[in-house]
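Undergrad: Structure file protein08.cif, mmCIF, C-alpha atoms, is pasted below:
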```cif
data_input
loop_
_atom_site.label_atom_id
_atom_site.label_comp_id
_atom_site.auth_asym_id
_atom_site.auth_seq_id
_atom_site.Cartn_x
_atom_site.Cartn_y
_atom_site.Cartn_z
CA MET W 1 40.10 145.12 -295.62
CA PRO W 2 41.14 145.69 -299.24
CA VAL W 3 43.28 148.77 -299.88
CA LEU W 4 43.72 148.55 -303.63
CA SER W 5 41.84 146.64 -306.27
CA GLY W 6 42.33 146.03 -309.96
CA VAL W 7 46.03 146.93 -309.93
CA SER W 8 47.75 145.36 -312.88
CA PHE W 9 51.09 146.20 -314.46
CA ALA W 10 54.15 144.46 -315.81
CA VAL W 11 57.75 145.53 -315.38
CA GLY W 12 60.18 144.38 -318.04
CA ALA W 13 63.96 144.13 -317.93
CA GLY W 14 65.58 147.55 -317.99
CA GLU W 15 62.34 149.20 -317.00
CA ALA W 16 61.43 151.32 -314.00
CA VAL W 17 57.97 151.95 -312.64
CA VAL W 18 57.32 154.83 -310.28
CA LEU W 19 54.35 154.48 -307.95
CA ARG W 20 52.66 157.73 -307.12
CA GLY W 21 49.78 158.63 -304.90
CA PRO W 22 49.07 160.64 -301.78
CA ASN W 23 50.12 159.44 -298.31
CA GLY W 24 48.15 156.41 -297.21
CA SER W 25 47.01 155.54 -300.71
CA GLY W 26 48.50 152.04 -300.61
CA LYS W 27 51.95 152.34 -302.19
CA THR W 28 53.67 150.56 -299.31
CA THR W 29 50.94 147.92 -299.19
CA LEU W 30 51.41 147.24 -302.89
CA LEU W 31 55.19 147.00 -302.58
CA ARG W 32 55.01 144.71 -299.53
CA THR W 33 52.56 142.49 -301.38
CA MET W 34 54.92 142.35 -304.35
CA ALA W 35 57.79 141.49 -302.00
CA GLY W 36 55.76 138.56 -300.64
CA LEU W 37 55.54 140.00 -297.12
CA GLN W 38 51.76 139.87 -297.18
CA PRO W 39 49.42 137.86 -299.38
CA ALA W 40 47.11 139.54 -301.84
CA LEU W 41 43.39 139.11 -301.08
CA ALA W 42 42.91 138.22 -304.73
CA GLY W 43 45.15 137.95 -307.75
CA HIS W 44 48.83 137.18 -307.81
CA VAL W 45 52.31 138.59 -308.23
CA ALA W 46 54.34 136.81 -310.88
CA GLY W 47 58.12 136.82 -310.91
CA VAL W 48 60.17 136.15 -307.84
CA ASP W 49 63.67 137.56 -308.10
CA VAL W 50 62.92 140.62 -305.95
CA ALA W 51 64.74 142.60 -303.29
CA TYR W 52 62.79 144.96 -301.06
CA ALA W 53 63.81 148.11 -299.21
CA GLY W 54 61.20 149.52 -296.88
CA HIS W 55 61.05 152.50 -294.56
CA ALA W 56 63.39 150.83 -292.10
CA ASP W 57 66.87 150.02 -293.36
CA GLY W 58 67.60 146.96 -291.24
CA ILE W 59 70.94 148.37 -290.12
CA LYS W 60 72.60 147.09 -286.97
CA SER W 61 74.13 150.06 -285.21
CA ALA W 62 76.76 147.96 -283.44
CA LEU W 63 78.20 146.75 -286.77
CA SER W 64 80.29 148.83 -289.16
CA VAL W 65 79.10 149.88 -292.61
CA ALA W 66 81.13 147.16 -294.31
CA GLU W 67 80.02 144.50 -291.80
CA ASN W 68 76.36 145.39 -292.32
CA LEU W 69 76.71 144.96 -296.07
CA ARG W 70 78.88 141.86 -295.70
CA PHE W 71 76.12 140.22 -293.67
CA TRP W 72 73.50 140.84 -296.36
CA ALA W 73 75.88 139.77 -299.12
CA ASP W 74 76.37 136.48 -297.26
CA VAL W 75 72.64 136.04 -296.69
CA PHE W 76 71.99 136.56 -300.40
CA GLY W 77 75.06 134.53 -301.35
CA THR W 78 76.66 137.27 -303.42
CA GLY W 79 80.25 138.37 -303.73
CA PRO W 80 82.28 141.33 -302.50
CA VAL W 81 80.60 144.46 -301.21
CA GLU W 82 83.26 147.03 -302.20
CA GLY W 83 81.42 148.03 -305.40
CA ALA W 84 78.23 148.81 -303.50
CA VAL W 85 80.16 150.72 -300.83
CA ARG W 86 81.85 152.88 -303.46
CA SER W 87 78.77 153.47 -305.59
CA PHE W 88 76.98 155.03 -302.63
CA ASP W 89 80.02 157.05 -301.60
CA LEU W 90 80.43 155.20 -298.31
CA TRP W 91 84.06 154.17 -298.81
CA ALA W 92 85.42 156.67 -296.30
CA LEU W 93 82.86 155.47 -293.76
CA ARG W 94 83.26 151.73 -294.33
CA ASP W 95 84.77 150.96 -290.91
CA ARG W 96 82.59 153.34 -288.96
CA ALA W 97 79.93 151.86 -286.70
CA ALA W 98 76.49 152.41 -288.17
CA ALA W 99 75.44 154.00 -284.88
CA HIS W 100 77.57 157.03 -285.78
CA LEU W 101 76.08 157.59 -289.23
CA SER W 102 73.74 160.45 -290.02
CA ALA W 103 70.20 159.72 -291.19
CA GLY W 104 71.15 160.29 -294.82
CA GLN W 105 74.25 158.12 -294.55
CA LYS W 106 72.17 155.35 -292.98
CA ARG W 107 69.72 155.62 -295.83
CA ARG W 108 72.58 155.32 -298.32
CA LEU W 109 73.78 152.23 -296.50
CA GLY W 110 70.25 150.82 -296.65
CA LEU W 111 70.14 151.44 -300.41
CA ALA W 112 73.63 150.00 -300.90
CA ARG W 113 72.16 146.81 -299.46
CA MET W 114 70.00 146.52 -302.59
CA ALA W 115 73.12 146.47 -304.75
CA VAL W 116 74.61 143.53 -302.81
CA THR W 117 71.45 141.40 -303.00
CA GLY W 118 72.14 140.55 -306.64
CA ARG W 119 68.40 140.51 -307.28
CA ARG W 120 67.07 141.79 -310.59
CA VAL W 121 63.87 143.45 -309.45
CA TRP W 122 64.27 146.18 -306.84
CA LEU W 123 61.23 147.24 -304.84
CA LEU W 124 62.00 150.58 -303.22
CA ASP W 125 59.68 152.30 -300.78
CA GLU W 126 60.40 156.03 -300.49
CA PRO W 127 64.13 155.51 -301.10
CA THR W 128 65.01 159.21 -301.11
CA VAL W 129 63.75 160.06 -297.62
CA SER W 130 66.45 162.03 -295.73
CA LEU W 131 68.78 162.07 -298.76
CA ASP W 132 70.26 165.39 -299.93
CA ALA W 133 70.25 166.40 -303.61
CA ALA W 134 73.69 164.96 -304.29
CA SER W 135 72.76 161.62 -302.73
CA VAL W 136 69.51 161.50 -304.69
CA ALA W 137 71.55 161.94 -307.87
CA LEU W 138 73.94 159.22 -306.69
CA PHE W 139 71.01 156.90 -306.04
CA ALA W 140 69.41 157.72 -309.42
CA GLY W 141 72.71 156.86 -311.10
CA VAL W 142 72.88 153.50 -309.35
CA VAL W 143 69.30 152.66 -310.35
CA ARG W 144 70.02 153.72 -313.93
CA ARG W 145 73.05 151.41 -314.10
CA HIS W 146 70.94 148.63 -312.60
CA LEU W 147 68.37 149.13 -315.38
CA VAL W 148 71.03 149.19 -318.08
CA ARG W 149 72.28 145.85 -316.83
CA GLY W 150 68.84 144.36 -317.39
CA GLY W 151 67.44 144.95 -313.92
CA ALA W 152 64.08 146.44 -313.09
CA ALA W 153 62.79 148.69 -310.34
CA VAL W 154 59.47 149.61 -308.80
CA ILE W 155 59.86 152.78 -306.79
CA ALA W 156 57.33 154.53 -304.59
CA THR W 157 58.37 158.15 -304.43
CA HIS W 158 57.07 161.71 -304.47
CA ILE W 159 60.03 163.32 -306.19
CA ASP W 160 61.35 163.26 -309.73
CA LEU W 161 64.36 160.96 -309.89
CA GLY W 162 65.54 162.23 -313.24
CA PHE W 163 65.33 159.05 -315.28
CA GLU W 164 62.72 157.71 -317.59
CA ALA W 165 60.11 155.69 -315.75
CA ARG W 166 56.54 154.64 -316.25
CA VAL W 167 54.27 156.25 -313.68
CA VAL W 168 51.51 154.24 -312.02
CA ASP W 169 49.19 156.32 -309.88
CA VAL W 170 47.85 153.97 -307.21
CA SER W 171 45.09 156.36 -306.16
CA ALA W 172 43.27 155.29 -309.34
CA PHE W 173 43.03 151.77 -307.89
CA ARG W 174 41.65 152.67 -304.46
CA ALA W 175 39.33 149.88 -303.37
CA ARG W 176 35.82 151.13 -302.80
CA ALA W 177 34.35 150.50 -299.38
CA GLY W 178 32.57 147.17 -299.41
CA ALA W 179 34.24 146.11 -302.66
CA LEU W 180 35.48 142.86 -301.20
CA PRO W 181 36.52 140.13 -303.59
CA GLU W 182 34.31 137.09 -303.78
CA GLY W 183 34.46 134.87 -300.73
CA TRP W 184 35.47 137.68 -298.37
CA ALA W 185 33.07 139.28 -295.99
CA MET B 1 72.23 130.78 -291.45
CA ILE B 2 75.61 130.28 -289.84
CA ARG B 3 76.16 133.93 -290.77
CA LEU B 4 73.01 134.89 -288.91
CA VAL B 5 74.18 133.06 -285.78
CA LEU B 6 77.60 134.70 -286.03
CA ARG B 7 76.06 138.12 -286.53
CA ASP B 8 73.82 137.69 -283.50
CA LEU B 9 76.80 136.60 -281.42
CA ALA B 10 78.82 139.62 -282.62
CA LEU B 11 75.91 141.89 -281.73
CA ALA B 12 75.53 140.28 -278.30
CA VAL B 13 79.23 140.69 -277.55
CA ARG B 14 79.40 144.30 -278.75
CA ALA B 15 76.15 145.43 -277.20
CA GLY B 16 77.38 143.94 -273.94
CA GLY B 17 73.96 142.99 -272.55
CA GLY B 18 73.61 139.72 -274.42
CA PHE B 19 75.91 137.51 -272.44
CA GLY B 20 75.73 139.27 -269.11
CA LEU B 21 72.08 139.76 -268.29
CA GLY B 22 70.86 136.20 -267.89
CA LEU B 23 74.07 135.07 -266.25
CA ALA B 24 74.05 137.92 -263.72
CA PHE B 25 70.42 137.18 -262.84
CA PHE B 26 71.20 133.48 -262.38
CA LEU B 27 74.14 134.36 -260.17
CA ILE B 28 72.07 136.71 -258.02
CA VAL B 29 69.22 134.23 -257.52
CA VAL B 30 71.48 131.36 -256.57
CA VAL B 31 73.73 133.45 -254.32
CA LEU B 32 70.73 134.89 -252.47
CA VAL B 33 68.94 131.57 -251.87
CA PRO B 34 71.26 130.44 -249.02
CA PHE B 35 70.70 133.79 -247.32
CA ALA B 36 66.96 133.41 -247.60
CA LEU B 37 66.79 129.78 -246.50
CA GLY B 38 69.42 129.89 -243.80
CA PRO B 39 72.75 128.10 -243.54
CA GLU B 40 71.33 124.61 -243.04
CA THR B 41 73.44 122.54 -245.47
CA GLY B 42 71.07 119.57 -245.48
CA LEU B 43 68.14 121.68 -246.59
CA LEU B 44 70.27 123.50 -249.18
CA SER B 45 71.56 120.34 -250.81
CA GLN B 46 67.97 119.09 -250.94
CA VAL B 47 66.65 122.13 -252.78
CA ALA B 48 69.83 122.75 -254.85
CA PRO B 49 68.77 121.00 -258.09
CA GLY B 50 65.39 122.69 -258.11
CA VAL B 51 66.76 126.14 -257.29
CA LEU B 52 69.47 125.86 -259.94
CA TRP B 53 66.97 124.82 -262.57
CA LEU B 54 64.47 127.48 -261.60
CA GLY B 55 67.19 130.13 -261.66
CA ALA B 56 68.35 129.01 -265.10
CA LEU B 57 64.79 129.03 -266.42
CA LEU B 58 64.02 132.53 -265.17
CA ALA B 59 67.37 133.82 -266.42
CA CYS B 60 66.48 132.41 -269.84
CA LEU B 61 63.05 134.05 -269.73
CA LEU B 62 64.62 137.44 -269.08
CA SER B 63 66.21 137.80 -272.50
CA LEU B 64 63.50 136.21 -274.64
CA ASP B 65 61.83 139.37 -275.90
CA ARG B 66 65.12 140.45 -277.47
CA ILE B 67 65.18 137.46 -279.83
CA PHE B 68 63.02 139.08 -282.50
CA ALA B 69 62.04 142.49 -281.14
CA LEU B 70 65.26 144.29 -282.10
CA ASP B 71 65.25 142.85 -285.62
CA PHE B 72 61.58 143.72 -285.97
CA GLU B 73 62.08 147.34 -284.93
CA ASP B 74 64.93 148.12 -287.29
CA GLY B 75 63.31 146.34 -290.25
CA THR B 76 65.82 143.49 -290.43
CA LEU B 77 63.08 140.91 -289.99
CA ASP B 78 61.19 142.22 -293.05
CA LEU B 79 64.36 142.03 -295.10
CA LEU B 80 65.20 138.55 -293.84
CA ALA B 81 61.71 137.41 -294.78
CA CYS B 82 62.42 138.50 -298.38
CA ALA B 83 65.90 136.98 -298.39
CA PRO B 84 66.67 133.56 -299.88
CA VAL B 85 66.76 131.87 -296.48
CA PRO B 86 63.74 130.03 -295.12
CA LEU B 87 62.11 131.81 -292.21
CA GLU B 88 62.20 128.51 -290.32
CA GLY B 89 65.98 128.60 -290.66
CA VAL B 90 66.04 132.18 -289.42
CA VAL B 91 64.09 131.11 -286.32
CA ALA B 92 66.42 128.16 -285.73
CA ALA B 93 69.46 130.41 -286.12
CA LYS B 94 68.05 133.02 -283.74
CA ALA B 95 67.20 130.33 -281.18
CA ALA B 96 70.70 128.86 -281.53
CA ALA B 97 72.26 132.28 -281.00
CA HIS B 98 70.04 132.81 -277.96
CA TRP B 99 71.12 129.47 -276.55
CA ILE B 100 74.81 130.24 -277.07
CA THR B 101 74.51 133.66 -275.44
CA THR B 102 72.16 132.63 -272.62
CA GLY B 103 71.85 128.86 -272.21
CA LEU B 104 75.49 127.93 -272.60
CA PRO B 105 76.83 130.42 -270.00
CA LEU B 106 74.16 129.11 -267.59
CA VAL B 107 75.26 125.52 -268.17
CA LEU B 108 78.87 126.49 -267.52
CA ALA B 109 78.08 128.55 -264.42
CA ALA B 110 75.70 126.03 -262.85
CA PRO B 111 78.36 123.64 -261.43
CA LEU B 112 80.16 126.54 -259.76
CA LEU B 113 76.94 127.77 -258.23
CA GLY B 114 76.09 124.21 -257.22
CA VAL B 115 78.96 124.46 -254.72
CA LEU B 116 77.26 127.42 -253.06
CA LEU B 117 74.13 125.33 -252.57
CA ASN B 118 76.02 122.29 -251.28
CA LEU B 119 74.90 120.15 -254.21
CA PRO B 120 75.89 116.51 -253.47
CA GLY B 121 78.83 115.15 -255.48
CA PRO B 122 77.09 112.96 -258.07
CA GLY B 123 74.58 115.76 -258.69
CA PHE B 124 77.08 117.94 -260.55
CA PHE B 125 77.31 115.64 -263.54
CA TRP B 126 73.57 115.17 -263.85
CA LEU B 127 72.93 118.88 -263.33
CA VAL B 128 75.14 119.73 -266.30
CA VAL B 129 73.64 116.93 -268.40
CA SER B 130 70.09 118.03 -267.63
CA LEU B 131 70.88 121.67 -268.41
CA VAL B 132 72.68 120.80 -271.66
CA LEU B 133 69.64 118.79 -272.72
CA GLY B 134 66.99 121.13 -271.39
CA THR B 135 68.16 124.68 -272.11
CA PRO B 136 67.90 124.31 -275.93
CA ALA B 137 64.20 123.59 -275.40
CA LEU B 138 63.93 126.76 -273.30
CA SER B 139 65.48 128.82 -276.11
CA LEU B 140 63.27 127.26 -278.80
CA ILE B 141 60.04 127.58 -276.82
CA GLY B 142 61.07 131.14 -276.03
CA ALA B 143 61.72 131.88 -279.70
CA PHE B 144 58.21 130.61 -280.48
CA GLY B 145 56.72 132.88 -277.81
CA ALA B 146 58.81 135.80 -279.04
CA ALA B 147 57.62 135.19 -282.60
CA LEU B 148 53.99 135.24 -281.42
CA THR B 149 54.37 138.56 -279.60
CA VAL B 150 56.88 140.30 -281.87
CA GLY B 151 54.75 143.14 -283.18
CA LEU B 152 53.12 143.97 -279.86
CA ARG B 153 54.01 147.00 -277.86
CA ARG B 154 55.11 145.92 -274.40
CA GLY B 155 54.65 142.30 -275.44
CA GLY B 156 57.05 141.21 -272.69
CA LEU B 157 54.32 140.50 -270.16
CA LEU B 158 52.25 138.53 -272.64
CA LEU B 159 55.38 136.67 -273.70
CA SER B 160 56.10 135.61 -270.11
CA LEU B 161 52.51 134.48 -269.60
CA LEU B 162 52.55 132.50 -272.85
CA VAL B 163 55.89 130.89 -272.32
CA LEU B 164 55.79 130.02 -268.61
CA PRO B 165 53.24 127.18 -268.90
CA LEU B 166 55.17 125.82 -271.88
CA TYR B 167 58.31 125.81 -269.75
CA VAL B 168 56.73 123.70 -267.01
CA PRO B 169 57.42 120.22 -268.50
CA THR B 170 61.04 121.11 -269.20
CA LEU B 171 61.43 122.37 -265.64
CA ILE B 172 59.79 119.30 -264.10
CA PHE B 173 61.89 116.77 -265.96
CA GLY B 174 65.09 118.82 -265.93
CA ALA B 175 64.99 119.38 -262.20
CA GLU B 176 63.96 115.74 -261.68
CA VAL B 177 67.04 114.51 -263.56
CA ALA B 178 69.26 116.74 -261.43
CA ARG B 179 67.47 115.76 -258.18
CA ARG B 180 67.57 112.02 -258.85
CA GLY B 181 71.17 112.28 -259.96
CA ALA B 182 72.08 114.11 -256.77
CA VAL B 183 70.63 111.42 -254.52
CA GLY B 184 71.92 108.56 -256.67
CA MET B 185 68.61 107.37 -258.07
CA ASP B 186 67.97 106.07 -261.57
CA VAL B 187 67.59 109.05 -263.95
CA GLU B 188 66.67 107.25 -267.14
CA ALA B 189 62.96 108.07 -267.35
CA PRO B 190 63.11 111.85 -266.75
CA LEU B 191 66.28 112.07 -268.86
CA LEU B 192 64.54 110.47 -271.83
CA LEU B 193 61.49 112.69 -271.42
CA LEU B 194 63.70 115.79 -271.18
CA ALA B 195 65.58 114.80 -274.32
CA GLY B 196 62.23 114.13 -276.00
CA ILE B 197 60.98 117.63 -275.16
CA SER B 198 64.14 119.20 -276.57
CA LEU B 199 64.09 117.15 -279.75
CA GLY B 200 60.39 117.72 -280.25
CA ALA B 201 60.85 121.46 -279.77
CA THR B 202 63.74 121.46 -282.25
CA ALA B 203 61.70 119.59 -284.82
CA LEU B 204 58.41 121.47 -284.56
CA LEU B 205 58.80 124.94 -283.08
CA PRO B 206 60.87 126.57 -285.86
CA PHE B 207 57.93 125.90 -288.18
CA ALA B 208 55.35 127.19 -285.71
CA ALA B 209 57.46 130.27 -284.97
CA ALA B 210 58.01 131.00 -288.67
CA ALA B 211 54.26 130.81 -289.27
CA ALA B 212 53.67 133.22 -286.38
CA LEU B 213 56.32 135.59 -287.77
CA ARG B 214 54.74 135.59 -291.22
CA ILE B 215 51.43 136.66 -289.72
CA ASN B 216 53.05 139.32 -287.55
CA LEU B 217 55.00 140.79 -290.47
CA ARG B 218 51.89 141.46 -292.54
#
```
Mind turning this structure into structure tokens?

TA:
Amino acid sequence: MPVLSGVSFAVGAGEAVVLRGPNGSGKTTLLRTMAGLQPALAGHVAGVDVAYAGHADGIKSALSVAENLRFWADVFGTGPVEGAVRSFDLWALRDRAAAHLSAGQKRRLGLARMAVTGRRVWLLDEPTVSLDAASVALFAGVVRRHLVRGGAAVIATHIDLGFEARVVDVSAFRARAGALPEGWA
Amino acid sequence: MIRLVLRDLALAVRAGGGFGLGLAFFLIVVVLVPFALGPETGLLSQVAPGVLWLGALLACLLSLDRIFALDFEDGTLDLLACAPVPLEGVVAAKAAAHWITTGLPLVLAAPLLGVLLNLPGPGFFWLVVSLVLGTPALSLIGAFGAALTVGLRRGGLLLSLLVLPLYVPTLIFGAEVARRGAVGMDVEAPLLLLAGISLGATALLPFAAAAALRINLR
């Protein structure tokens, strides 16, 4: 069952793309396809160096903040996690078990994970859910620094993050019913 | 991947349930069998290898649905699928962690529980050998079943139904090694078959489980 069709855009180094569209319009589907979690029915996603953050943060509540990040840094083969901990204002919480974090703090930990992946293209699905205004600004700052360093980001969000980004409205690419690509029935 | 094994072990230790559940179940089954069958030592030593193997198998089955379900629920599995580690390696690491938290304690506890069932002297060695060889297959087959049922709500029942028939060959040859060893017969044939099952499972099932995971993550 196709959700979107005819979507085509390129993201260059230092560039951010914001995906917009009403709930259920296919933003998550598009991001998961770009992350390689599901194959596209037709067409392809070029470029590989991506890190994905979905609705769930993949945090183990029995591990501390620093241990959670340390694990992902080891999986991605990157270095120390202190920078990511500080940039999301988690330093004071670094030894606290993730079970005792608030929803917003968990979200910040989930986003800090992106910084330790060392990947250049960040795919972020509703990253600001449960963040307060200050944390949103913190997050926007981190993304901006990532872009300055030659990274790129594709962000599905409903709010204005306060930095320059190209907007792609996915509702324009809604697949029509019965518009299956050739070979699919 | 070593990191993944270590993390799973840390989680199992801290969450408490990981090590204890299977072991406690094994203990209960084996302790209760003499009460159910009566104090006839001849009968007990005859059924000891089979009961010990059956207990170990069921104890293993008990913790299977936790292999992937927890990581699936909190999104870790999605993130691991995007990470620069092959999903096959993730499966192998999860199965290894499951074996260390479930299979290994069972192997270590089995000789002690063998005493309760009046297992004949030479049987102890072959019981441990058969469990060391056989329990990795139980973990790997279980990981495959868990991968197949990971997205399903209340997939535990389906998982048991899927996995039990796949466990039968391991049980037959594992218990046969222990039984033959206990009565002093030649164990070579069942031992080789048991080792073959474990090696075959190690070689093939991580790939099958990774394919199942990819489909379930869509």

Undergrad: Could you state the separation of atom CA of Phe88 of chain W and atom CA of Gly151 of chain W in Å, given to one decimal place?

TA: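 Taking atom CA of Phe88 of chain W as the start and atom CA of Gly151 of chain W as the end point, the length is 17.9 Å.
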
Undergrad: Got a sec to resolve the PyMOL selection byres ((chain W) within 12 of (chain B)) on this structure and send the residues as number ranges by chain?

TA: W: 28-40, 48-64, 67-78, 97, 99, 106, 110, 113-114, 116-119, 122-123

Undergrad: I'd like to see the residues matched by the PyMOL selection byres ((chain B and resi 171) around 9) on this file, and ideally I'd get them as JSON, numbers by chain.

TA: {"B": [50, 53, 54, 57, 134, 167, 168, 169, 170, 172, 173, 174, 175, 176, 194]}

Undergrad: Residue by residue, what does the PyMOL selection byres ((chain W and resi 7-18) around 6) grab here? Present the result as JSON, numbers by chain.

TA: {"W": [5, 6, 19, 147, 148, 150, 151, 152, 153, 154, 155, 156, 165, 166, 167]}

Undergrad: Have a look at atom CA of Ala24 of chain B and atom CA of Ser130 of chain B and let me know their distance in Å, one decimal.

TA: 20.7 Å

Undergrad: To one decimal place, how far is atom CA of Leu64 of chain B from atom CA of Pro86 of chain B in Å?

TA: 21.4 Å

Undergrad: Ala133 of chain W: which residues within 12 Å, counting all atoms listed in the file, same-chain residues fewer than 5 positions away excluded, as a list in words?

TA: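 The neighbour list is Gly104, Thr128, Leu138, Phe139, Ala140, Ile159, Asp160, Leu161 and Gly162 of chain W.
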
Undergrad: With C-alpha atoms kept, could you save the residues just selected as a tab-separated table (two decimals), in the frame of the given file?

TA:
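Printed below is selection.tsv as written:
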```tsv
chain	number	residue	atom	x	y	z
W	104	GLY	CA	71.15	160.29	-294.82
W	128	THR	CA	65.01	159.21	-301.11
W	138	LEU	CA	73.94	159.22	-306.69
W	139	PHE	CA	71.01	156.90	-306.04
W	140	ALA	CA	69.41	157.72	-309.42
W	159	ILE	CA	60.03	163.32	-306.19
W	160	ASP	CA	61.35	163.26	-309.73
W	161	LEU	CA	64.36	160.96	-309.89
W	162	GLY	CA	65.54	162.23	-313.24
```

Undergrad: With distances taken over only C-alpha atoms, which of B:Val5, B:Val183, B:Ala110, B:Ala93 is nearest to Gly55 of chain B?

TA: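 When distances to Gly55 of chain B are compared using only C-alpha atoms, the smallest one comes from B:Ala110.
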
Undergrad: Let me know the centre plus edge lengths, in Å and rounded to one decimal, of a box with edges along x, y and z that contains all listed atoms of segment 201-218 of chain B and is padded by 3 Å on every side, as lines of an AutoDock Vina configuration file.

TA:
```
center_x = 57.6
center_y = 130.5
center_z = -286.2
size_x = 18.3
size_y = 27.9
size_z = 18.8
```
